[in-house]
Each structure stands twice: as structure tokens, then as C-alpha cells.
file protein_12.csv (CSV, C-alpha atoms)
chain,number,residue,atom,x,y,z
A,160,MET,CA,10.3,-8.5,-17.2
A,161,ALA,CA,12.7,-11.3,-18.3
A,162,LEU,CA,10.0,-13.3,-20.1
A,163,ALA,CA,9.1,-12.8,-23.7
A,164,GLY,CA,5.9,-11.2,-24.9
A,165,THR,CA,5.6,-8.4,-22.4
A,166,THR,CA,4.2,-5.0,-23.6
A,167,ASP,CA,3.8,-1.7,-21.9
A,168,LYS,CA,0.3,-0.6,-22.8
A,169,SER,CA,-0.9,-0.5,-19.2
A,170,VAL,CA,-0.1,2.5,-17.0
A,171,THR,CA,0.8,2.3,-13.4
A,172,VAL,CA,1.0,5.5,-11.3
A,173,SER,CA,1.5,6.1,-7.6
A,174,ILE,CA,-1.0,8.5,-6.0
A,175,ASP,CA,-0.3,10.2,-2.7
A,176,THR,CA,-3.8,9.7,-1.2
A,177,THR,CA,-3.3,12.6,1.2
A,178,THR,CA,-2.0,15.2,-1.2
A,179,GLY,CA,-3.5,13.8,-4.4
A,180,VAL,CA,-0.1,14.2,-6.2
A,181,MET,CA,0.4,11.7,-9.1
A,182,ALA,CA,4.0,10.9,-9.2
A,183,ASP,CA,5.8,11.8,-12.4
A,184,HIS,CA,2.8,13.5,-13.9
A,185,PRO,CA,2.3,17.2,-14.6
A,186,ALA,CA,-0.6,19.0,-12.9
A,187,LEU,CA,-3.0,21.5,-14.5
A,188,GLU,CA,-3.0,24.4,-12.0
A,189,ARG,CA,-5.9,26.7,-11.6
A,190,ASN,CA,-4.7,29.9,-9.9
A,191,LEU,CA,-7.0,32.5,-8.5
A,192,SER,CA,-5.9,35.1,-11.1
A,193,GLY,CA,-7.1,32.8,-13.9
A,194,LEU,CA,-10.5,32.2,-12.3
A,195,ASP,CA,-12.1,35.5,-13.2
A,196,GLY,CA,-15.9,35.4,-12.7
A,197,LEU,CA,-15.9,32.2,-10.7
A,198,PHE,CA,-16.5,33.8,-7.3
A,199,GLN,CA,-19.2,36.4,-6.5
A,200,ASP,CA,-17.2,38.7,-4.2
A,201,THR,CA,-14.8,40.5,-6.5
A,202,ASN,CA,-13.5,42.7,-3.8
A,203,ALA,CA,-12.6,39.7,-1.6
A,204,ARG,CA,-10.9,38.2,-4.6
A,205,THR,CA,-8.8,41.3,-5.3
A,206,ALA,CA,-7.8,41.5,-1.7
A,207,LEU,CA,-6.8,37.8,-1.7
A,208,LEU,CA,-4.8,38.3,-4.9
A,209,ALA,CA,-2.9,41.2,-3.3
A,210,GLY,CA,-1.4,38.6,-1.0
A,211,GLY,CA,-0.3,36.3,-3.8
A,212,ASP,CA,-1.7,34.3,-6.6
A,213,VAL,CA,-2.8,31.1,-4.8
A,214,ILE,CA,-3.6,27.8,-6.5
A,215,VAL,CA,-7.3,27.2,-6.0
A,216,TYR,CA,-7.2,23.7,-7.5
A,217,GLU,CA,-5.1,21.3,-9.5
A,218,VAL,CA,-5.9,18.3,-11.7
A,219,TYR,CA,-3.7,15.4,-12.6
A,220,THR,CA,-4.9,13.3,-15.6
A,221,LEU,CA,-3.3,10.2,-17.2
A,222,ASP,CA,-2.4,11.0,-20.8
A,223,ARG,CA,-4.7,8.8,-22.8
A,224,PRO,CA,-6.3,9.1,-26.3
A,225,GLU,CA,-9.7,10.8,-26.2
A,226,THR,CA,-11.6,7.8,-27.8
A,227,SER,CA,-14.7,6.0,-26.6
A,228,GLY,CA,-12.9,2.9,-25.4
A,229,GLU,CA,-10.4,4.8,-23.2
A,230,LEU,CA,-11.0,6.4,-19.8
A,231,ALA,CA,-9.9,9.7,-18.5
A,232,THR,CA,-8.7,9.2,-15.0
A,233,GLY,CA,-6.7,11.1,-12.4
A,234,THR,CA,-6.9,13.2,-9.3
A,235,SER,CA,-8.5,16.5,-8.4
A,236,ILE,CA,-7.2,18.6,-5.5
A,237,VAL,CA,-9.2,21.6,-4.3
A,238,TYR,CA,-7.2,23.5,-1.7
A,239,PRO,CA,-8.8,24.9,1.5
A,240,GLY,CA,-9.7,28.6,1.3
A,241,LYS,CA,-12.6,31.0,0.7
A,242,VAL,CA,-13.3,34.1,-1.4
A,243,GLY,CA,-15.8,36.1,0.7
A,244,ASN,CA,-18.3,33.5,1.8
A,245,GLU,CA,-17.6,31.1,-1.0
A,246,TYR,CA,-15.4,28.1,-0.6
A,247,PHE,CA,-12.6,27.3,-3.0
A,248,MET,CA,-14.1,25.1,-5.8
A,249,THR,CA,-13.6,24.0,-9.3
A,250,LYS,CA,-15.1,25.8,-12.3
A,251,GLY,CA,-17.4,22.9,-12.9
A,252,HIS,CA,-18.4,21.6,-16.3
A,253,PHE,CA,-20.8,19.6,-18.4
A,254,HIS,CA,-19.5,16.8,-20.5
A,255,THR,CA,-19.6,17.6,-24.2
A,256,VAL,CA,-21.1,14.2,-24.8
A,257,LEU,CA,-23.7,15.2,-22.3
A,258,ASP,CA,-25.1,11.8,-21.3
A,259,THR,CA,-21.9,10.4,-19.9
A,260,ALA,CA,-21.4,9.6,-16.2
A,261,GLU,CA,-18.3,10.1,-14.0
A,262,THR,CA,-17.1,8.3,-10.9
A,263,TYR,CA,-15.4,10.1,-8.0
A,264,LEU,CA,-13.8,8.6,-5.0
A,265,CYS,CA,-12.8,10.9,-2.1
A,266,LEU,CA,-9.3,10.1,-0.9
A,267,SER,CA,-9.0,12.8,1.7
A,268,GLY,CA,-10.6,16.0,2.9
A,269,HIS,CA,-14.2,17.1,3.3
A,270,GLY,CA,-16.4,18.8,0.8
A,271,TYR,CA,-19.3,18.5,-1.7
A,272,MET,CA,-20.0,17.6,-5.3
A,273,LEU,CA,-22.6,20.1,-6.6
A,274,MET,CA,-24.5,18.7,-9.7
A,275,GLU,CA,-27.0,20.4,-12.0
A,276,SER,CA,-28.8,19.4,-15.1
A,277,PRO,CA,-29.5,21.7,-18.1
A,278,GLU,CA,-33.2,21.8,-16.9
A,279,GLY,CA,-32.2,23.0,-13.5
A,280,GLU,CA,-32.5,19.9,-11.4
A,281,TRP,CA,-29.7,19.7,-8.9
A,282,GLU,CA,-28.0,17.5,-6.4
A,283,LEU,CA,-25.5,17.8,-3.6
A,284,ALA,CA,-23.3,14.9,-2.4
A,285,GLU,CA,-20.9,15.0,0.5
A,286,PHE,CA,-17.3,14.0,0.1
A,287,LEU,CA,-15.6,12.3,3.0
A,288,PRO,CA,-12.6,9.9,2.8
A,289,GLY,CA,-13.8,6.6,1.3
A,290,ARG,CA,-17.0,8.2,-0.1
A,291,ALA,CA,-17.7,7.4,-3.8
A,292,VAL,CA,-20.0,9.7,-5.7
A,293,TYR,CA,-21.5,8.6,-9.0
A,294,VAL,CA,-22.2,11.7,-11.1
A,295,PRO,CA,-25.0,10.8,-13.5
A,296,GLY,CA,-24.9,11.7,-17.2
A,297,ARG,CA,-26.3,15.2,-18.1
A,298,TYR,CA,-25.3,16.7,-14.8
A,299,ALA,CA,-22.7,19.5,-14.6
A,300,HIS,CA,-20.5,19.0,-11.6
A,301,ARG,CA,-18.3,21.0,-9.4
A,302,SER,CA,-16.1,20.0,-6.4
A,303,ILE,CA,-16.2,22.3,-3.3
A,304,ASN,CA,-13.8,22.1,-0.4
A,305,ILE,CA,-15.4,23.1,2.9
A,306,SER,CA,-12.5,22.1,5.2
A,307,PRO,CA,-10.7,25.1,6.7
A,308,ASP,CA,-7.3,23.4,6.5
A,309,GLN,CA,-7.2,20.2,4.4
A,310,PRO,CA,-7.2,19.7,0.6
A,311,LEU,CA,-10.2,17.9,-0.9
A,312,VAL,CA,-8.6,15.1,-2.9
A,313,THR,CA,-10.8,13.0,-5.3
A,314,TYR,CA,-9.9,10.3,-7.8
A,315,PHE,CA,-12.1,10.3,-11.0
A,316,SER,CA,-12.8,8.3,-14.1
A,317,PHE,CA,-15.0,8.9,-17.1
A,318,ARG,CA,-15.2,8.1,-20.8
A,319,ALA,CA,-12.2,9.7,-22.5
A,320,ASP,CA,-14.2,11.0,-25.4
A,321,ALA,CA,-16.8,12.7,-23.1
A,322,GLY,CA,-15.0,16.0,-23.3
A,323,HIS,CA,-15.4,19.2,-21.2
A,324,ASP,CA,-17.9,21.9,-21.8
A,325,TYR,CA,-16.8,24.7,-19.5
A,326,ALA,CA,-18.4,27.5,-21.5
A,327,THR,CA,-22.0,26.8,-20.4
A,328,ILE,CA,-21.1,27.2,-16.8
A,329,GLU,CA,-18.8,30.1,-17.4
A,330,THR,CA,-21.6,31.9,-19.2
A,331,LYS,CA,-24.5,30.9,-17.0
A,332,GLY,CA,-23.1,29.8,-13.7
A,333,PHE,CA,-24.7,27.1,-11.5
A,334,ARG,CA,-28.2,27.9,-10.3
A,335,LYS,CA,-27.1,27.0,-6.8
A,336,LEU,CA,-24.1,28.1,-4.7
A,337,VAL,CA,-22.7,26.6,-1.6
A,338,VAL,CA,-21.7,29.4,0.8
A,339,GLU,CA,-20.5,29.6,4.4
A,340,LYS,CA,-23.1,31.1,6.8
A,341,ASP,CA,-22.5,31.1,10.6
A,342,GLY,CA,-19.6,28.8,10.1
A,343,LYS,CA,-21.6,26.2,8.2
A,344,PRO,CA,-22.1,25.4,4.5
A,345,GLU,CA,-25.5,26.4,3.1
A,346,VAL,CA,-27.0,26.0,-0.4
A,347,VAL,CA,-28.5,29.3,-1.8
A,348,ASP,CA,-29.8,30.4,-5.1
A,349,ASN,CA,-27.1,32.1,-7.3
A,350,PRO,CA,-28.1,35.7,-7.5
A,351,ARG,CA,-26.0,36.1,-10.7
A,352,TRP,CA,-27.4,33.1,-12.4
A,353,ASN,CA,-27.8,33.9,-16.1
A,354,ALA,CA,-30.6,31.9,-17.8
B,264,MET,CA,-32.7,19.0,0.9
B,265,ALA,CA,-35.2,21.7,1.7
B,266,LEU,CA,-34.8,23.6,-1.6
B,267,ALA,CA,-36.8,22.8,-4.6
B,268,GLY,CA,-35.5,21.1,-7.7
B,269,THR,CA,-33.4,18.4,-6.1
B,270,THR,CA,-33.3,15.0,-7.7
B,271,ASP,CA,-31.7,11.7,-6.6
B,272,LYS,CA,-30.0,10.5,-9.8
B,273,SER,CA,-26.5,10.6,-8.3
B,274,VAL,CA,-25.3,7.8,-6.0
B,275,THR,CA,-23.2,8.2,-2.9
B,276,VAL,CA,-21.7,5.2,-1.2
B,277,SER,CA,-19.3,4.7,1.6
B,278,ILE,CA,-16.4,2.4,1.0
B,279,ASP,CA,-14.4,1.0,3.9
B,280,THR,CA,-10.9,1.4,2.3
B,281,THR,CA,-9.4,-1.3,4.4
B,282,THR,CA,-11.9,-4.1,3.9
B,283,GLY,CA,-13.4,-2.9,0.6
B,284,VAL,CA,-17.0,-3.2,1.9
B,285,MET,CA,-19.5,-1.0,0.2
B,286,ALA,CA,-22.1,0.0,2.8
B,287,ASP,CA,-25.6,-1.1,2.0
B,288,HIS,CA,-24.7,-3.0,-1.1
B,289,PRO,CA,-24.7,-6.8,-1.8
B,290,ALA,CA,-21.5,-8.5,-2.7
B,291,LEU,CA,-21.0,-11.1,-5.4
B,292,GLU,CA,-19.1,-13.8,-3.5
B,293,ARG,CA,-16.8,-16.3,-5.2
B,294,ASN,CA,-16.3,-19.3,-3.0
B,295,LEU,CA,-13.6,-21.9,-3.6
B,296,SER,CA,-16.2,-24.6,-4.4
B,297,GLY,CA,-17.5,-22.5,-7.3
B,298,LEU,CA,-14.0,-21.9,-8.8
B,299,ASP,CA,-13.5,-25.3,-10.4
B,300,GLY,CA,-10.6,-25.3,-12.9
B,301,LEU,CA,-9.2,-21.9,-11.7
B,302,PHE,CA,-6.3,-23.4,-9.8
B,303,GLN,CA,-3.8,-25.9,-11.1
B,304,ASP,CA,-3.4,-28.0,-8.0
B,305,THR,CA,-6.7,-29.9,-7.6
B,306,ASN,CA,-5.4,-32.0,-4.6
B,307,ALA,CA,-4.5,-28.8,-2.7
B,308,ARG,CA,-7.9,-27.4,-3.6
B,309,THR,CA,-9.7,-30.5,-2.3
B,310,ALA,CA,-7.7,-30.5,0.9
B,311,LEU,CA,-8.5,-26.8,1.4
B,312,LEU,CA,-12.2,-27.4,0.8
B,313,ALA,CA,-12.3,-30.1,3.4
B,314,GLY,CA,-11.6,-27.4,6.0
B,315,GLY,CA,-14.5,-25.2,4.7
B,316,ASP,CA,-15.7,-23.4,1.6
B,317,VAL,CA,-13.7,-20.2,1.9
B,318,ILE,CA,-14.5,-17.0,0.0
B,319,VAL,CA,-11.6,-16.4,-2.5
B,320,TYR,CA,-12.9,-13.0,-3.7
B,321,GLU,CA,-15.9,-10.7,-3.6
B,322,VAL,CA,-17.0,-7.9,-5.8
B,323,TYR,CA,-19.3,-4.9,-5.0
B,324,THR,CA,-20.8,-3.1,-7.9
B,325,LEU,CA,-23.1,-0.1,-8.1
B,326,ASP,CA,-26.4,-1.0,-9.7
B,327,ARG,CA,-26.3,1.0,-12.9
B,328,PRO,CA,-27.9,0.4,-16.4
B,329,GLU,CA,-25.5,-1.3,-18.8
B,330,THR,CA,-25.5,1.5,-21.3
B,331,SER,CA,-22.5,3.3,-23.0
B,332,GLY,CA,-23.0,6.5,-21.1
B,333,GLU,CA,-23.0,4.8,-17.7
B,334,LEU,CA,-20.0,3.4,-15.8
B,335,ALA,CA,-19.7,0.2,-13.8
B,336,THR,CA,-17.9,1.0,-10.6
B,337,GLY,CA,-17.2,-0.8,-7.3
B,338,THR,CA,-14.7,-2.7,-5.3
B,339,SER,CA,-12.9,-6.0,-5.7
B,340,ILE,CA,-11.6,-7.8,-2.6
B,341,VAL,CA,-9.3,-10.8,-3.1
B,342,TYR,CA,-8.6,-12.5,0.2
B,343,PRO,CA,-5.2,-13.8,1.3
B,344,GLY,CA,-4.6,-17.5,0.6
B,345,LYS,CA,-3.0,-20.0,-1.7
B,346,VAL,CA,-4.0,-23.2,-3.5
B,347,GLY,CA,-0.8,-25.1,-3.8
B,348,ASN,CA,1.7,-22.5,-5.0
B,349,GLU,CA,-0.9,-20.3,-6.6
B,350,TYR,CA,-2.1,-17.2,-4.8
B,351,PHE,CA,-5.9,-16.5,-4.4
B,352,MET,CA,-7.0,-14.6,-7.5
B,353,THR,CA,-10.0,-13.6,-9.6
B,354,LYS,CA,-11.1,-15.7,-12.5
B,355,GLY,CA,-10.2,-12.8,-14.9
B,356,HIS,CA,-12.0,-11.8,-18.0
B,357,PHE,CA,-11.9,-9.9,-21.2
B,358,HIS,CA,-14.5,-7.2,-21.8
B,359,THR,CA,-17.2,-8.3,-24.3
B,360,VAL,CA,-16.7,-4.9,-26.0
B,361,LEU,CA,-13.0,-5.9,-26.3
B,362,ASP,CA,-11.5,-2.5,-26.9
B,363,THR,CA,-12.6,-0.9,-23.6
B,364,ALA,CA,-10.2,0.1,-20.8
B,365,GLU,CA,-10.7,-0.2,-17.0
B,366,THR,CA,-9.2,1.8,-14.2
B,367,TYR,CA,-8.2,0.3,-10.9
B,368,LEU,CA,-7.0,2.1,-7.7
B,369,CYS,CA,-5.5,-0.1,-5.0
B,370,LEU,CA,-7.0,0.9,-1.6
B,371,SER,CA,-5.2,-1.6,0.5
B,372,GLY,CA,-3.1,-4.8,0.3
B,373,HIS,CA,-0.4,-6.0,-2.0
B,374,GLY,CA,-0.7,-7.9,-5.2
B,375,TYR,CA,-0.7,-7.8,-9.0
B,376,MET,CA,-2.8,-7.2,-12.0
B,377,LEU,CA,-2.0,-9.8,-14.7
B,378,MET,CA,-3.1,-8.7,-18.2
B,379,GLU,CA,-3.0,-10.5,-21.5
B,380,SER,CA,-4.2,-9.7,-25.0
B,381,PRO,CA,-5.8,-12.3,-27.4
B,382,GLU,CA,-2.5,-12.4,-29.3
B,383,GLY,CA,-0.6,-13.4,-26.2
B,384,GLU,CA,1.0,-10.1,-25.2
B,385,TRP,CA,1.0,-9.8,-21.5
B,386,GLU,CA,1.7,-7.3,-18.7
B,387,LEU,CA,2.1,-7.4,-15.0
B,388,ALA,CA,1.4,-4.4,-12.7
B,389,GLU,CA,2.0,-4.2,-9.0
B,390,PHE,CA,-0.8,-3.2,-6.6
B,391,LEU,CA,0.1,-1.2,-3.5
B,392,PRO,CA,-2.1,1.2,-1.6
B,393,GLY,CA,-2.5,4.4,-3.7
B,394,ARG,CA,-1.3,2.7,-6.9
B,395,ALA,CA,-3.6,3.2,-9.9
B,396,VAL,CA,-3.4,0.7,-12.7
B,397,TYR,CA,-4.9,1.5,-16.1
B,398,VAL,CA,-5.8,-1.7,-17.9
B,399,PRO,CA,-5.8,-1.0,-21.6
B,400,GLY,CA,-8.5,-2.1,-24.0
B,401,ARG,CA,-8.2,-5.6,-25.4
B,402,TYR,CA,-6.4,-7.0,-22.3
B,403,ALA,CA,-7.9,-9.7,-20.1
B,404,HIS,CA,-7.2,-8.9,-16.5
B,405,ARG,CA,-7.0,-10.8,-13.2
B,406,SER,CA,-6.2,-9.5,-9.7
B,407,ILE,CA,-3.8,-11.6,-7.6
B,408,ASN,CA,-3.3,-11.2,-3.9
B,409,ILE,CA,0.3,-12.0,-2.8
B,410,SER,CA,0.0,-10.8,0.8
B,411,PRO,CA,0.0,-13.6,3.4
B,412,ASP,CA,-2.5,-11.9,5.6
B,413,GLN,CA,-4.2,-8.9,4.1
B,414,PRO,CA,-7.0,-8.6,1.6
B,415,LEU,CA,-6.2,-6.9,-1.8
B,416,VAL,CA,-8.8,-4.2,-2.2
B,417,THR,CA,-9.2,-2.3,-5.4
B,418,TYR,CA,-11.7,0.3,-6.7
B,419,PHE,CA,-12.6,0.0,-10.4
B,420,SER,CA,-14.5,1.9,-13.1
B,421,PHE,CA,-15.2,0.9,-16.7
B,422,ARG,CA,-17.9,1.6,-19.3
B,423,ALA,CA,-21.1,-0.1,-18.2
B,424,ASP,CA,-21.8,-1.6,-21.6
B,425,ALA,CA,-18.3,-3.3,-21.8
B,426,GLY,CA,-19.6,-6.6,-20.4
B,427,HIS,CA,-17.7,-9.6,-19.1
B,428,ASP,CA,-16.3,-12.4,-21.3
B,429,TYR,CA,-15.3,-15.0,-18.7
B,430,ALA,CA,-15.7,-17.9,-21.1
B,431,THR,CA,-12.5,-17.3,-23.0
B,432,ILE,CA,-10.4,-17.4,-19.9
B,433,GLU,CA,-12.3,-20.4,-18.4
B,434,THR,CA,-11.7,-22.3,-21.6
B,435,LYS,CA,-8.1,-21.3,-22.4
B,436,GLY,CA,-6.7,-19.9,-19.2
B,437,PHE,CA,-4.1,-17.2,-19.1
B,438,ARG,CA,-0.8,-17.9,-20.8
B,439,LYS,CA,1.0,-16.8,-17.7
B,440,LEU,CA,0.6,-17.7,-14.0
B,441,VAL,CA,1.9,-15.9,-11.0
B,442,VAL,CA,3.1,-18.6,-8.5
B,443,GLU,CA,5.0,-18.6,-5.2
B,444,LYS,CA,8.5,-19.9,-5.4
B,445,ASP,CA,11.0,-19.8,-2.5
B,446,GLY,CA,8.5,-17.4,-0.8
B,447,LYS,CA,8.4,-14.9,-3.7
B,448,PRO,CA,6.0,-14.4,-6.6
B,449,GLU,CA,7.3,-15.5,-10.0
B,450,VAL,CA,5.7,-15.4,-13.4
B,451,VAL,CA,5.8,-18.8,-15.2
B,452,ASP,CA,4.2,-20.2,-18.4
B,453,ASN,CA,0.9,-21.9,-17.8
B,454,PRO,CA,1.4,-25.6,-18.4
B,455,ARG,CA,-2.3,-26.1,-19.0
B,456,TRP,CA,-2.8,-23.2,-21.3
B,457,ASN,CA,-5.2,-24.3,-24.1
B,458,ALA,CA,-4.7,-22.5,-27.4

call {"tool": "encode", "arguments": {"input": "protein_12.csv", "output": "C-alpha cells"}}
result
Amino acid sequence: MALAGTTDKSVTVSIDTTTGVMADHPALERNLSGLDGLFQDTNARTALLAGGDVIVYEVYTLDRPETSGELATGTSIVYPGKVGNEYFMTKGHFHTVLDTAETYLCLSGHGYMLMESPEGEWELAEFLPGRAVYVPGRYAHRSINISPDQPLVTYFSFRADAGHDYATIETKGFRKLVVEKDGKPEVVDNPRWNA
Amino acid sequence: MALAGTTDKSVTVSIDTTTGVMADHPALERNLSGLDGLFQDTNARTALLAGGDVIVYEVYTLDRPETSGELATGTSIVYPGKVGNEYFMTKGHFHTVLDTAETYLCLSGHGYMLMESPEGEWELAEFLPGRAVYVPGRYAHRSINISPDQPLVTYFSFRADAGHDYATIETKGFRKLVVEKDGKPEVVDNPRWNA
């Protein structure tokens, strides 16, 4: 800008709404090898890993301070794939500041947001392009890609001080799973859920 | 859902990413007749109003409690048009909780986000489809549509308790204006800015 007084505190970033890639930003990659315990079928996972360590999902996040006035925002990309009868999905997490919401807008693909409160209440919302899902405070949330061939791309925002509590889900799991049965997604109880 | 334990605390809404319309939600309409003082050229505004009271912009917002754990989220649609040499734009506002950020994702159209701090620092970010703009805390912000024929559609999220301070901008204006000159947008000082 030629005019005086301009600053550069805002951030502008180009998002490829088909692939979810945020230009000039690094992605956090979650490879299958690093997702021990996420999928039920360990034999299917071992067989898949023998063919290569695929990326299950990636997250791009703007680099902002983790304070209450800031927002964490970016894109989540869950690739198509299955481990046994489970679709590729994110680990899922609660917010450390439990009672903080999160907004998601689906940019491309087809899938679900699975949500669960500490008390075991749960919800399932369908992602389609243009579909916005408001995840209420107190609900752990996990994105699940049910498309056989397209990535599930979502754009998210939440309070930057909300934090991520992955440990609770890693220890207990979600009470529900979304699995493929007869070619269709179905919600079932998690046989390995650990109260 | 057939399974027990489901709740309905999440919200799912379909957004038309071309028009910005949020299905089954009411829009807040801002007609030209209600935007007294926004545009500089009062004669041009009067002439335009003689042809009908056009909608300058609309906002769809999810109905959420205005508490710190919630987020305000929705779509903003600025229609194409001009009043004199000024493009159709939003009133613009500070957040009442001044130091709270806001995220915008452009879904369609072409325009700008004009931002200005109370001390007079300012920034301009360009909106194109897939372009995300992070508006930092403390900056008033206004969306401006520079397309001659397409609406500028953005999807926004911010802390639901941040609030809107419209009065400061209504009283003082922005220090900068984006006007059309020789068919192109140009940033100029606001001759009516009121310190």
C-alpha cells in the first residue's frame, strides 16, 4: 500500500476448496503409522501399512497466539480410505476449555461429524459441500470421510485458547463408531469403549 | 437416529455458496433507505432510491446464545452496486469486546475487507473465492463488493459475546474509503472523517 498508516496484523490466505490446501502454510500430517489404537481392526491396519504409510488426514492452521481474543482457524482434510470396516477419520478431541464451540464448513467431499459429550450424549451431522456444522461446547468431535474417492475438506474456527484434549479420546475412545456395512455407513456401539 | 442417547445441540445448516443463502434461516436485510449517512454522495443515493429501495447487503446468523463459549457464525452477502463512486458495502463495526478477532472465508464474488484500528492504523485485504481473511482484534471491519454483477459472499465466525459497536463508525466513519476511479478501486482519505 502506498498510503501511510497501513499495518499487517490481518492475515489473508488462499484455500484450495477442492483439496483443502492452504497456500504457503505447513500441514500437520497424520500418517497411519502414527495412529496406533485409532482403528479397531489391527490386522487390516498392518496389511495397509505393508503397502505404504498413507496419510489419513492433514490439518492446516493459521499461526495465531493461543489467547481468548484470537481464533484458531484452518482446514481439515480427511483422505478417502478404510481400515477394515472403519472409514478414515480424525482422532477426535475435546477442547481443554470444555465449554467452547467450534464451527465447521464443508468445502468438498462427503462425511460425518461425530460428537459426544462426557456424559455419553452423542450426535451425528452429515457433511456435504456448503454444509455448516456447529459443534456445541462440551462435545468431543471427529470428522469421518465416507466417500470412496474424494477427500473430506472442512474449514474450521474456534477460540484459540480452547486447546485440544486428545488424551481422553485416546484412552476411552468414542462410545459410538461409524462403520461401513453392506456398502453404507452405520452407527454402532464401540465394543472397545473404555469407561 | 434410532440409537439411544442422541441429542440435538449441534446445528447443521446448508449454505448456498453462490448466493450465501442459509436455508431455513431469516436474513437481516440492510436496504439503501436505512443506510443514511453511509455513502458520501447523497444526490446519487436519492436518485438510486427513486428507482426502488434496493437491498445493499444481508446477513444470516445462526441463533446462538451470546456467551463467551459460543460462536456467532453465518454469511454476509453484499450485493453489486454503487452509490456515486462508492461501492456497495457494509456499515462496518468494531466489536464491543474490542480485542476479539473474526474469521472470514470468501465463498464467491470479488471485493475487499477494509480494517481500521481506533488509533487509525488500517489494512485492506482482497476477497476472492477461497480466500480467508483473519481480522485481528481491535480492528473495525467493513466488506466492500467491487464486482459489477456478482454478490460478495463471505462466511464468518467470531466469539458470540464479542458484540457489535456500530455507533463509533456511524459517528466517525472510517478514515479510508474505497472508491472507483477510472474503473478501478482506489483507497482515498475520507473527506468527512470525524475525529

call {"tool": "residues_around", "arguments": {"input": "protein_12.csv", "residues": "stretch 339-344 of chain A", "least_positions_apart": "2", "cutoff": "10 Å", "atoms": "only C-alpha atoms", "output": "MDAnalysis selection string"}}
result
chainID A and resid 241 243:246 270:271 305 336:337 346:347

call {"tool": "closest_residue", "arguments": {"input": "protein_12.csv", "among": "A:Val215, A:Val312, A:Val242, A:Ala163", "to": "chain B", "atoms": "only C-alpha atoms"}}
result
A:Ala163

call {"tool": "atom_distance", "arguments": {"input": "protein_12.csv", "atom1": "atom CA of A:Glu229", "atom2": "atom CA of A:Ile174"}}
result
19.9 Å

call {"tool": "residues_near_point", "arguments": {"input": "protein_12.csv", "point": "(-8.8, 41.7, -6.7)", "cutoff": "12 Å", "atoms": "all atoms listed in the file", "output": "ChimeraX atom specification"}}
result
/A:191-196,198-212,242-243

call {"tool": "write_last_selection", "arguments": {"input": "protein_12.csv", "atoms": "C-alpha atoms", "output": "short mmCIF file (atom, residue, chain, number, x, y, z; two decimals), in the frame of the given file"}}
result
data_model
loop_
_atom_site.label_atom_id
_atom_site.label_comp_id
_atom_site.auth_asym_id
_atom_site.auth_seq_id
_atom_site.Cartn_x
_atom_site.Cartn_y
_atom_site.Cartn_z
CA LEU A 191 -7.00 32.50 -8.50
CA SER A 192 -5.90 35.10 -11.10
CA GLY A 193 -7.10 32.80 -13.90
CA LEU A 194 -10.50 32.20 -12.30
CA ASP A 195 -12.10 35.50 -13.20
CA GLY A 196 -15.90 35.40 -12.70
CA PHE A 198 -16.50 33.80 -7.30
CA GLN A 199 -19.20 36.40 -6.50
CA ASP A 200 -17.20 38.70 -4.20
CA THR A 201 -14.80 40.50 -6.50
CA ASN A 202 -13.50 42.70 -3.80
CA ALA A 203 -12.60 39.70 -1.60
CA ARG A 204 -10.90 38.20 -4.60
CA THR A 205 -8.80 41.30 -5.30
CA ALA A 206 -7.80 41.50 -1.70
CA LEU A 207 -6.80 37.80 -1.70
CA LEU A 208 -4.80 38.30 -4.90
CA ALA A 209 -2.90 41.20 -3.30
CA GLY A 210 -1.40 38.60 -1.00
CA GLY A 211 -0.30 36.30 -3.80
CA ASP A 212 -1.70 34.30 -6.60
CA VAL A 242 -13.30 34.10 -1.40
CA GLY A 243 -15.80 36.10 0.70
#

call {"tool": "interface_residues", "arguments": {"input": "protein_12.csv", "of": "chain A", "to": "chain B", "cutoff": "7 Å", "atoms": "only C-alpha atoms", "output": "number ranges by chain"}}
result
A: 164-176, 228-230, 258-260, 279-282, 284, 289-296, 316

call {"tool": "atom_distance", "arguments": {"input": "protein_12.csv", "atom1": "atom CA of A:Tyr216", "atom2": "atom CA of A:Arg189"}}
result
5.2 Å

call {"tool": "atom_distance", "arguments": {"input": "protein_12.csv", "atom1": "atom CA of A:Tyr325", "atom2": "atom CA of A:Gly251"}}
result
6.9 Å

call {"tool": "residues_near_point", "arguments": {"input": "protein_12.csv", "point": "(1.7, 15.5, -14.3)", "cutoff": "10 Å", "atoms": "all atoms listed in the file", "output": "PDB file with C-alpha atoms, keeping the file's coordinate frame"}}
result
ATOM      1  CA  VAL A 180      -0.100  14.200  -6.200  1.00  0.00           C
ATOM      2  CA  MET A 181       0.400  11.700  -9.100  1.00  0.00           C
ATOM      3  CA  ALA A 182       4.000  10.900  -9.200  1.00  0.00           C
ATOM      4  CA  ASP A 183       5.800  11.800 -12.400  1.00  0.00           C
ATOM      5  CA  HIS A 184       2.800  13.500 -13.900  1.00  0.00           C
ATOM      6  CA  PRO A 185       2.300  17.200 -14.600  1.00  0.00           C
ATOM      7  CA  ALA A 186      -0.600  19.000 -12.900  1.00  0.00           C
ATOM      8  CA  LEU A 187      -3.000  21.500 -14.500  1.00  0.00           C
ATOM      9  CA  VAL A 218      -5.900  18.300 -11.700  1.00  0.00           C
ATOM     10  CA  TYR A 219      -3.700  15.400 -12.600  1.00  0.00           C
ATOM     11  CA  THR A 220      -4.900  13.300 -15.600  1.00  0.00           C
ATOM     12  CA  LEU A 221      -3.300  10.200 -17.200  1.00  0.00           C
ATOM     13  CA  ASP A 222      -2.400  11.000 -20.800  1.00  0.00           C
ATOM     14  CA  GLY A 233      -6.700  11.100 -12.400  1.00  0.00           C
TER      15      GLY A 233
END

call {"tool": "residues_around", "arguments": {"input": "protein_12.csv", "residues": "A:Gly322", "least_positions_apart": "6", "cutoff": "8 Å", "atoms": "all atoms listed in the file", "output": "ChimeraX atom specification"}}
result
/A:225,254-256

call {"tool": "residues_around", "arguments": {"input": "protein_12.csv", "residues": "B:Pro343", "least_positions_apart": "3", "cutoff": "7 Å", "atoms": "only C-alpha atoms", "output": "ChimeraX atom specification"}}
result
/B:351,408,410-414

call {"tool": "residues_around", "arguments": {"input": "protein_12.csv", "residues": "A:Lys331", "least_positions_apart": "5", "cutoff": "7 Å", "atoms": "only C-alpha atoms", "output": "list in words"}}
result
Trp352, Asn353 and Ala354 of chain A

call {"tool": "write_last_selection", "arguments": {"input": "protein_12.csv", "atoms": "C-alpha atoms", "output": "PDB file, keeping the file's coordinate frame"}}
result
ATOM      1  CA  TRP A 352     -27.400  33.100 -12.400  1.00  0.00           C
ATOM      2  CA  ASN A 353     -27.800  33.900 -16.100  1.00  0.00           C
ATOM      3  CA  ALA A 354     -30.600  31.900 -17.800  1.00  0.00           C
TER       4      ALA A 354
END
